[in-house]
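What follows is the content of final-v2.pdb (PDB, N, CA and C atoms, pLDDT in the B column).
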```pdb
MODEL        1
ATOM      1  N   MET Y   4      -9.535  23.029   6.858  1.00 68.00           N
ATOM      2  CA  MET Y   4      -9.232  21.736   6.277  1.00 68.00           C
ATOM      3  C   MET Y   4      -9.863  21.666   4.901  1.00 68.00           C
ATOM      4  N   ASP Y   5      -9.077  21.289   3.905  1.00 78.00           N
ATOM      5  CA  ASP Y   5      -9.577  21.193   2.535  1.00 78.00           C
ATOM      6  C   ASP Y   5      -9.846  19.741   2.169  1.00 78.00           C
ATOM      7  N   LEU Y   6     -10.827  19.532   1.331  1.00 78.00           N
ATOM      8  CA  LEU Y   6     -11.147  18.210   0.813  1.00 78.00           C
ATOM      9  C   LEU Y   6     -10.606  18.118  -0.605  1.00 78.00           C
ATOM     10  N   THR Y   7      -9.799  17.094  -0.850  1.00 77.00           N
ATOM     11  CA  THR Y   7      -9.247  16.879  -2.175  1.00 77.00           C
ATOM     12  C   THR Y   7      -9.849  15.602  -2.748  1.00 77.00           C
ATOM     13  N   ILE Y   8     -10.437  15.696  -3.922  1.00 80.00           N
ATOM     14  CA  ILE Y   8     -11.004  14.533  -4.586  1.00 80.00           C
ATOM     15  C   ILE Y   8     -10.080  14.178  -5.745  1.00 80.00           C
ATOM     16  N   ARG Y   9      -9.652  12.917  -5.764  1.00 78.00           N
ATOM     17  CA  ARG Y   9      -8.739  12.476  -6.815  1.00 78.00           C
ATOM     18  C   ARG Y   9      -9.398  11.368  -7.625  1.00 78.00           C
ATOM     19  N   LYS Y  10      -9.181  11.406  -8.918  1.00 80.00           N
ATOM     20  CA  LYS Y  10      -9.705  10.375  -9.805  1.00 80.00           C
ATOM     21  C   LYS Y  10      -8.977   9.064  -9.531  1.00 80.00           C
ATOM     22  N   ASN Y  11      -9.723   7.969  -9.591  1.00 74.00           N
ATOM     23  CA  ASN Y  11      -9.148   6.655  -9.365  1.00 74.00           C
ATOM     24  C   ASN Y  11      -7.962   6.419 -10.304  1.00 74.00           C
ATOM     25  N   GLY Y  12      -6.869   5.887  -9.762  1.00 73.00           N
ATOM     26  CA  GLY Y  12      -5.688   5.598 -10.559  1.00 73.00           C
ATOM     27  C   GLY Y  12      -4.714   6.750 -10.672  1.00 73.00           C
ATOM     28  N   THR Y  13      -4.993   7.888 -10.035  1.00 78.00           N
ATOM     29  CA  THR Y  13      -4.090   9.039 -10.144  1.00 78.00           C
ATOM     30  C   THR Y  13      -3.176   9.194  -8.927  1.00 78.00           C
ATOM     31  N   ILE Y  14      -3.345   8.356  -7.909  1.00 77.00           N
ATOM     32  CA  ILE Y  14      -2.504   8.441  -6.720  1.00 77.00           C
ATOM     33  C   ILE Y  14      -1.190   7.711  -7.017  1.00 77.00           C
ATOM     34  N   PRO Y  15      -0.039   8.359  -6.771  1.00 81.00           N
ATOM     35  CA  PRO Y  15       1.240   7.703  -7.024  1.00 81.00           C
ATOM     36  C   PRO Y  15       1.397   6.476  -6.120  1.00 81.00           C
ATOM     37  N   PHE Y  16       2.075   5.447  -6.622  1.00 88.00           N
ATOM     38  CA  PHE Y  16       2.236   4.238  -5.821  1.00 88.00           C
ATOM     39  C   PHE Y  16       3.669   3.733  -5.907  1.00 88.00           C
ATOM     40  N   THR Y  17       4.017   2.910  -4.931  1.00 91.00           N
ATOM     41  CA  THR Y  17       5.319   2.254  -4.908  1.00 91.00           C
ATOM     42  C   THR Y  17       5.099   0.790  -4.545  1.00 91.00           C
ATOM     43  N   LYS Y  18       6.091  -0.042  -4.846  1.00 93.00           N
ATOM     44  CA  LYS Y  18       6.036  -1.441  -4.432  1.00 93.00           C
ATOM     45  C   LYS Y  18       6.485  -1.522  -2.979  1.00 93.00           C
ATOM     46  N   GLY Y  19       5.874  -2.446  -2.243  1.00 93.00           N
ATOM     47  CA  GLY Y  19       6.240  -2.630  -0.845  1.00 93.00           C
ATOM     48  C   GLY Y  19       7.658  -3.153  -0.688  1.00 93.00           C
ATOM     49  N   ASP Y  20       8.336  -2.666   0.315  1.00 93.00           N
ATOM     50  CA  ASP Y  20       9.716  -3.074   0.599  1.00 93.00           C
ATOM     51  C   ASP Y  20       9.720  -4.524   1.100  1.00 93.00           C
ATOM     52  N   PRO Y  21      10.492  -5.419   0.463  1.00 92.00           N
ATOM     53  CA  PRO Y  21      10.516  -6.821   0.880  1.00 92.00           C
ATOM     54  C   PRO Y  21      11.015  -7.038   2.306  1.00 92.00           C
ATOM     55  N   ARG Y  22      11.652  -6.021   2.901  1.00 93.00           N
ATOM     56  CA  ARG Y  22      12.062  -6.141   4.309  1.00 93.00           C
ATOM     57  C   ARG Y  22      10.853  -6.148   5.234  1.00 93.00           C
ATOM     58  N   PHE Y  23       9.730  -5.579   4.768  1.00 91.00           N
ATOM     59  CA  PHE Y  23       8.551  -5.453   5.616  1.00 91.00           C
ATOM     60  C   PHE Y  23       7.367  -6.296   5.156  1.00 91.00           C
ATOM     61  N   PHE Y  24       7.367  -6.762   3.897  1.00 88.00           N
ATOM     62  CA  PHE Y  24       6.243  -7.499   3.336  1.00 88.00           C
ATOM     63  C   PHE Y  24       6.733  -8.756   2.637  1.00 88.00           C
ATOM     64  N   THR Y  25       5.891  -9.801   2.648  1.00 84.00           N
ATOM     65  CA  THR Y  25       6.158 -10.977   1.827  1.00 84.00           C
ATOM     66  C   THR Y  25       5.179 -10.943   0.671  1.00 84.00           C
ATOM     67  N   GLY Y  26       5.594 -11.361  -0.497  1.00 85.00           N
ATOM     68  CA  GLY Y  26       4.727 -11.298  -1.671  1.00 85.00           C
ATOM     69  C   GLY Y  26       4.717  -9.900  -2.277  1.00 85.00           C
ATOM     70  N   ASN Y  27       3.848  -9.702  -3.265  1.00 90.00           N
ATOM     71  CA  ASN Y  27       3.756  -8.418  -3.959  1.00 90.00           C
ATOM     72  C   ASN Y  27       2.774  -7.496  -3.249  1.00 90.00           C
ATOM     73  N   VAL Y  28       3.235  -6.285  -2.955  1.00 92.00           N
ATOM     74  CA  VAL Y  28       2.432  -5.295  -2.245  1.00 92.00           C
ATOM     75  C   VAL Y  28       2.546  -3.961  -2.972  1.00 92.00           C
ATOM     76  N   ILE Y  29       1.416  -3.266  -3.130  1.00 92.00           N
ATOM     77  CA  ILE Y  29       1.395  -1.923  -3.714  1.00 92.00           C
ATOM     78  C   ILE Y  29       0.976  -0.941  -2.616  1.00 92.00           C
ATOM     79  N   ILE Y  30       1.714   0.161  -2.480  1.00 92.00           N
ATOM     80  CA  ILE Y  30       1.406   1.180  -1.483  1.00 92.00           C
ATOM     81  C   ILE Y  30       1.084   2.480  -2.208  1.00 92.00           C
ATOM     82  N   GLU Y  31      -0.144   2.980  -1.993  1.00 89.00           N
ATOM     83  CA  GLU Y  31      -0.583   4.253  -2.576  1.00 89.00           C
ATOM     84  C   GLU Y  31      -0.608   5.309  -1.476  1.00 89.00           C
ATOM     85  N   GLN Y  32       0.219   6.340  -1.613  1.00 85.00           N
ATOM     86  CA  GLN Y  32       0.286   7.408  -0.621  1.00 85.00           C
ATOM     87  C   GLN Y  32      -0.962   8.273  -0.723  1.00 85.00           C
ATOM     88  N   VAL Y  33      -1.721   8.370   0.356  1.00 83.00           N
ATOM     89  CA  VAL Y  33      -2.962   9.154   0.351  1.00 83.00           C
ATOM     90  C   VAL Y  33      -2.738  10.538   0.929  1.00 83.00           C
ATOM     91  N   HIS Y  34      -1.995  10.616   2.024  1.00 79.00           N
ATOM     92  CA  HIS Y  34      -1.799  11.902   2.701  1.00 79.00           C
ATOM     93  C   HIS Y  34      -0.388  11.961   3.262  1.00 79.00           C
ATOM     94  N   ASP Y  35       0.256  13.092   3.096  1.00 77.00           N
ATOM     95  CA  ASP Y  35       1.562  13.345   3.684  1.00 77.00           C
ATOM     96  C   ASP Y  35       1.480  14.713   4.338  1.00 77.00           C
ATOM     97  N   SER Y  36       1.893  14.809   5.585  1.00 81.00           N
ATOM     98  CA  SER Y  36       1.725  16.065   6.318  1.00 81.00           C
ATOM     99  C   SER Y  36       2.982  16.925   6.285  1.00 81.00           C
ATOM    100  N   GLU Y  37       2.820  18.137   6.788  1.00 83.00           N
ATOM    101  CA  GLU Y  37       3.937  19.082   6.867  1.00 83.00           C
ATOM    102  C   GLU Y  37       4.442  19.120   8.306  1.00 83.00           C
ATOM    103  N   GLU Y  38       5.686  19.546   8.487  1.00 86.00           N
ATOM    104  CA  GLU Y  38       6.285  19.671   9.820  1.00 86.00           C
ATOM    105  C   GLU Y  38       5.414  20.567  10.692  1.00 86.00           C
ATOM    106  N   PRO Y  39       5.292  20.351  11.956  1.00 90.00           N
ATOM    107  CA  PRO Y  39       5.968  19.342  12.772  1.00 90.00           C
ATOM    108  C   PRO Y  39       5.211  18.002  12.831  1.00 90.00           C
ATOM    109  N   SER Y  40       4.101  17.890  12.155  1.00 86.00           N
ATOM    110  CA  SER Y  40       3.327  16.646  12.179  1.00 86.00           C
ATOM    111  C   SER Y  40       4.066  15.532  11.452  1.00 86.00           C
ATOM    112  N   ARG Y  41       3.883  14.294  11.909  1.00 86.00           N
ATOM    113  CA  ARG Y  41       4.492  13.132  11.258  1.00 86.00           C
ATOM    114  C   ARG Y  41       3.420  12.184  10.726  1.00 86.00           C
ATOM    115  N   LEU Y  42       2.202  12.668  10.603  1.00 88.00           N
ATOM    116  CA  LEU Y  42       1.087  11.841  10.171  1.00 88.00           C
ATOM    117  C   LEU Y  42       1.130  11.579   8.673  1.00 88.00           C
ATOM    118  N   THR Y  43       0.987  10.331   8.290  1.00 86.00           N
ATOM    119  CA  THR Y  43       0.844   9.949   6.892  1.00 86.00           C
ATOM    120  C   THR Y  43      -0.229   8.873   6.807  1.00 86.00           C
ATOM    121  N   SER Y  44      -0.771   8.679   5.623  1.00 89.00           N
ATOM    122  CA  SER Y  44      -1.722   7.586   5.428  1.00 89.00           C
ATOM    123  C   SER Y  44      -1.516   7.012   4.035  1.00 89.00           C
ATOM    124  N   ALA Y  45      -1.833   5.731   3.911  1.00 90.00           N
ATOM    125  CA  ALA Y  45      -1.631   5.050   2.637  1.00 90.00           C
ATOM    126  C   ALA Y  45      -2.647   3.921   2.506  1.00 90.00           C
ATOM    127  N   ILE Y  46      -2.906   3.536   1.258  1.00 89.00           N
ATOM    128  CA  ILE Y  46      -3.711   2.357   0.964  1.00 89.00           C
ATOM    129  C   ILE Y  46      -2.729   1.263   0.577  1.00 89.00           C
ATOM    130  N   VAL Y  47      -2.795   0.131   1.277  1.00 92.00           N
ATOM    131  CA  VAL Y  47      -1.890  -0.988   1.012  1.00 92.00           C
ATOM    132  C   VAL Y  47      -2.701  -2.121   0.395  1.00 92.00           C
ATOM    133  N   THR Y  48      -2.285  -2.578  -0.789  1.00 91.00           N
ATOM    134  CA  THR Y  48      -2.984  -3.648  -1.495  1.00 91.00           C
ATOM    135  C   THR Y  48      -2.063  -4.851  -1.610  1.00 91.00           C
ATOM    136  N   PHE Y  49      -2.560  -5.998  -1.140  1.00 90.00           N
ATOM    137  CA  PHE Y  49      -1.795  -7.245  -1.181  1.00 90.00           C
ATOM    138  C   PHE Y  49      -2.261  -8.086  -2.356  1.00 90.00           C
ATOM    139  N   GLU Y  50      -1.315  -8.603  -3.133  1.00 87.00           N
ATOM    140  CA  GLU Y  50      -1.658  -9.487  -4.241  1.00 87.00           C
ATOM    141  C   GLU Y  50      -2.082 -10.844  -3.677  1.00 87.00           C
ATOM    142  N   PRO Y  51      -3.209 -11.365  -4.144  1.00 82.00           N
ATOM    143  CA  PRO Y  51      -3.630 -12.679  -3.642  1.00 82.00           C
ATOM    144  C   PRO Y  51      -2.608 -13.759  -3.999  1.00 82.00           C
ATOM    145  N   VAL Y  52      -2.448 -14.715  -3.111  1.00 73.00           N
ATOM    146  CA  VAL Y  52      -1.526 -15.821  -3.337  1.00 73.00           C
ATOM    147  C   VAL Y  52      -2.331 -17.011  -3.829  1.00 73.00           C
ATOM    148  N   ARG Y  53      -1.924 -17.561  -4.962  1.00 70.00           N
ATOM    149  CA  ARG Y  53      -2.606 -18.735  -5.511  1.00 70.00           C
ATOM    150  C   ARG Y  53      -1.827 -19.967  -5.103  1.00 70.00           C
ATOM    151  N   GLU Y  54      -2.495 -20.858  -4.422  1.00 65.00           N
ATOM    152  CA  GLU Y  54      -1.884 -22.125  -4.006  1.00 65.00           C
ATOM    153  C   GLU Y  54      -2.357 -23.228  -4.918  1.00 65.00           C
ATOM    154  N   GLN Y  55      -1.503 -24.182  -5.182  1.00 62.00           N
ATOM    155  CA  GLN Y  55      -1.884 -25.328  -5.989  1.00 62.00           C
ATOM    156  C   GLN Y  55      -2.843 -26.202  -5.184  1.00 62.00           C
ATOM    157  N   ILE Y  56      -3.792 -26.822  -5.878  1.00 64.00           N
ATOM    158  CA  ILE Y  56      -4.724 -27.727  -5.213  1.00 64.00           C
ATOM    159  C   ILE Y  56      -3.930 -28.876  -4.614  1.00 64.00           C
ATOM    160  N   GLY Y  57      -4.201 -29.160  -3.357  1.00 62.00           N
ATOM    161  CA  GLY Y  57      -3.504 -30.230  -2.662  1.00 62.00           C
ATOM    162  C   GLY Y  57      -2.313 -29.760  -1.860  1.00 62.00           C
ATOM    163  N   THR Y  58      -1.955 -28.458  -1.941  1.00 63.00           N
ATOM    164  CA  THR Y  58      -0.839 -27.929  -1.181  1.00 63.00           C
ATOM    165  C   THR Y  58      -1.263 -27.755   0.268  1.00 63.00           C
ATOM    166  N   ILE Y  59      -0.450 -28.204   1.189  1.00 61.00           N
ATOM    167  CA  ILE Y  59      -0.733 -28.052   2.614  1.00 61.00           C
ATOM    168  C   ILE Y  59      -0.098 -26.757   3.082  1.00 61.00           C
ATOM    169  N   ILE Y  60      -0.924 -25.884   3.658  1.00 62.00           N
ATOM    170  CA  ILE Y  60      -0.437 -24.601   4.163  1.00 62.00           C
ATOM    171  C   ILE Y  60      -0.373 -24.700   5.681  1.00 62.00           C
ATOM    172  N   HIS Y  61       0.803 -24.461   6.243  1.00 61.00           N
ATOM    173  CA  HIS Y  61       0.985 -24.539   7.702  1.00 61.00           C
ATOM    174  C   HIS Y  61       0.914 -23.172   8.315  1.00 61.00           C
TER
ENDMDL
END
```

Can you dump the structure from the file as structure tokens?
Amino acid sequence: MDLTIRKNGTIPFTKGDPRFFTGNVIIEQVHDSEEPSRLTSAIVTFEPVREQIGTIIH
């Protein structure tokens, strides 16, 4: 098993698919495996939602 160190900001990213996420989401692929394994890993970052003062959230 090899250890790979990557500089911050060098991991490729995509926007989250609106079919699966609400709001803005960034997905950074960390690991992708080779056949026959189906293991993958990613860092998912959610954009904070700013609500107006006085807005009722249900």

- On this structure, which residues satisfy the PyMOL selection byres ((chain Y and resi 9-15) around 6.5), written as a list in words? Thr7, Ile8, Phe16, Thr17, Ile30, Glu31 and Gln32 of chain Y

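Residues in contact with stretch 46-55 of chain Y at 8 Å, where only C-alpha atoms are counted and same-chain residues fewer than 2 positions away are skipped, are listed as Gly26, Asn27, Val28, Ile29, Ile30, Glu31, Gln32, Val33, Ser44, Gly57 and Thr58 of chain Y.
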
- Task: Once DSSP has gone over the backbone, tell me which residues of chain Y are in strand (DSSP E or B), as a PyMOL selection string.
- Result: chain Y and resi 16-18+28-35+43-49

- Task: Record the distance separating atom N of Y:Pro21 and atom CA of Y:Ala45, expressed in Å with one decimal.
- Result: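 Interatomic distance here is 16.2 Å.
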
- Task: Find the distance between atom C of Y:Arg41 and atom CA of Y:Phe24 and write it in Å to one decimal.
- Result: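 Separation of atom C of Y:Arg41 and atom CA of Y:Phe24: 21.2 Å.
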
- Task: Report the distance between atom N of Y:Leu42 and atom N of Y:Asp20 in Å, rounded to one decimal place.
- Result: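 These atoms are spaced 19.5 Å apart.
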
May I ask you to restore N, CA, C and O atoms in stretch 13-39 of chain Y and write the result as a tab-separated table (two decimals), in the frame of the given file?
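New file part_21.tsv:
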```tsv
chain	number	residue	atom	x	y	z
Y	13	THR	N	-4.99	7.89	-10.04
Y	13	THR	CA	-4.09	9.04	-10.14
Y	13	THR	C	-3.18	9.19	-8.93
Y	13	THR	O	-2.32	10.06	-8.92
Y	14	ILE	N	-3.34	8.36	-7.91
Y	14	ILE	CA	-2.50	8.44	-6.72
Y	14	ILE	C	-1.19	7.71	-7.02
Y	14	ILE	O	-1.19	6.57	-7.46
Y	15	PRO	N	-0.04	8.36	-6.77
Y	15	PRO	CA	1.24	7.70	-7.02
Y	15	PRO	C	1.40	6.48	-6.12
Y	15	PRO	O	0.93	6.47	-5.00
Y	16	PHE	N	2.08	5.45	-6.62
Y	16	PHE	CA	2.24	4.24	-5.82
Y	16	PHE	C	3.67	3.73	-5.91
Y	16	PHE	O	4.42	4.10	-6.80
Y	17	THR	N	4.02	2.91	-4.93
Y	17	THR	CA	5.32	2.25	-4.91
Y	17	THR	C	5.10	0.79	-4.54
Y	17	THR	O	4.07	0.42	-3.99
Y	18	LYS	N	6.09	-0.04	-4.85
Y	18	LYS	CA	6.04	-1.44	-4.43
Y	18	LYS	C	6.48	-1.52	-2.98
Y	18	LYS	O	7.36	-0.77	-2.55
Y	19	GLY	N	5.87	-2.45	-2.24
Y	19	GLY	CA	6.24	-2.63	-0.84
Y	19	GLY	C	7.66	-3.15	-0.69
Y	19	GLY	O	8.10	-3.99	-1.47
Y	20	ASP	N	8.34	-2.67	0.32
Y	20	ASP	CA	9.72	-3.07	0.60
Y	20	ASP	C	9.72	-4.52	1.10
Y	20	ASP	O	9.03	-4.84	2.07
Y	21	PRO	N	10.49	-5.42	0.46
Y	21	PRO	CA	10.52	-6.82	0.88
Y	21	PRO	C	11.02	-7.04	2.31
Y	21	PRO	O	10.81	-8.09	2.88
Y	22	ARG	N	11.65	-6.02	2.90
Y	22	ARG	CA	12.06	-6.14	4.31
Y	22	ARG	C	10.85	-6.15	5.23
Y	22	ARG	O	10.94	-6.63	6.36
Y	23	PHE	N	9.73	-5.58	4.77
Y	23	PHE	CA	8.55	-5.45	5.62
Y	23	PHE	C	7.37	-6.30	5.16
Y	23	PHE	O	6.42	-6.50	5.90
Y	24	PHE	N	7.37	-6.76	3.90
Y	24	PHE	CA	6.24	-7.50	3.34
Y	24	PHE	C	6.73	-8.76	2.64
Y	24	PHE	O	7.82	-8.78	2.07
Y	25	THR	N	5.89	-9.80	2.65
Y	25	THR	CA	6.16	-10.98	1.83
Y	25	THR	C	5.18	-10.94	0.67
Y	25	THR	O	4.04	-10.51	0.83
Y	26	GLY	N	5.59	-11.36	-0.50
Y	26	GLY	CA	4.73	-11.30	-1.67
Y	26	GLY	C	4.72	-9.90	-2.28
Y	26	GLY	O	5.48	-9.02	-1.88
Y	27	ASN	N	3.85	-9.70	-3.26
Y	27	ASN	CA	3.76	-8.42	-3.96
Y	27	ASN	C	2.77	-7.50	-3.25
Y	27	ASN	O	1.63	-7.88	-2.99
Y	28	VAL	N	3.24	-6.28	-2.96
Y	28	VAL	CA	2.43	-5.30	-2.24
Y	28	VAL	C	2.55	-3.96	-2.97
Y	28	VAL	O	3.63	-3.56	-3.39
Y	29	ILE	N	1.42	-3.27	-3.13
Y	29	ILE	CA	1.40	-1.92	-3.71
Y	29	ILE	C	0.98	-0.94	-2.62
Y	29	ILE	O	-0.01	-1.17	-1.92
Y	30	ILE	N	1.71	0.16	-2.48
Y	30	ILE	CA	1.41	1.18	-1.48
Y	30	ILE	C	1.08	2.48	-2.21
Y	30	ILE	O	1.91	3.01	-2.95
Y	31	GLU	N	-0.14	2.98	-1.99
Y	31	GLU	CA	-0.58	4.25	-2.58
Y	31	GLU	C	-0.61	5.31	-1.48
Y	31	GLU	O	-1.35	5.18	-0.51
Y	32	GLN	N	0.22	6.34	-1.61
Y	32	GLN	CA	0.29	7.41	-0.62
Y	32	GLN	C	-0.96	8.27	-0.72
Y	32	GLN	O	-1.24	8.84	-1.78
Y	33	VAL	N	-1.72	8.37	0.36
Y	33	VAL	CA	-2.96	9.15	0.35
Y	33	VAL	C	-2.74	10.54	0.93
Y	33	VAL	O	-3.22	11.53	0.40
Y	34	HIS	N	-2.00	10.62	2.02
Y	34	HIS	CA	-1.80	11.90	2.70
Y	34	HIS	C	-0.39	11.96	3.26
Y	34	HIS	O	0.11	11.00	3.83
Y	35	ASP	N	0.26	13.09	3.10
Y	35	ASP	CA	1.56	13.34	3.68
Y	35	ASP	C	1.48	14.71	4.34
Y	35	ASP	O	1.01	15.67	3.72
Y	36	SER	N	1.89	14.81	5.58
Y	36	SER	CA	1.72	16.07	6.32
Y	36	SER	C	2.98	16.92	6.28
Y	36	SER	O	4.04	16.50	5.85
Y	37	GLU	N	2.82	18.14	6.79
Y	37	GLU	CA	3.94	19.08	6.87
Y	37	GLU	C	4.44	19.12	8.31
Y	37	GLU	O	3.73	18.77	9.24
Y	38	GLU	N	5.69	19.55	8.49
Y	38	GLU	CA	6.28	19.67	9.82
Y	38	GLU	C	5.41	20.57	10.69
Y	38	GLU	O	4.81	21.50	10.19
Y	39	PRO	N	5.29	20.35	11.96
Y	39	PRO	CA	5.97	19.34	12.77
Y	39	PRO	C	5.21	18.00	12.83
Y	39	PRO	O	5.66	17.08	13.49
```
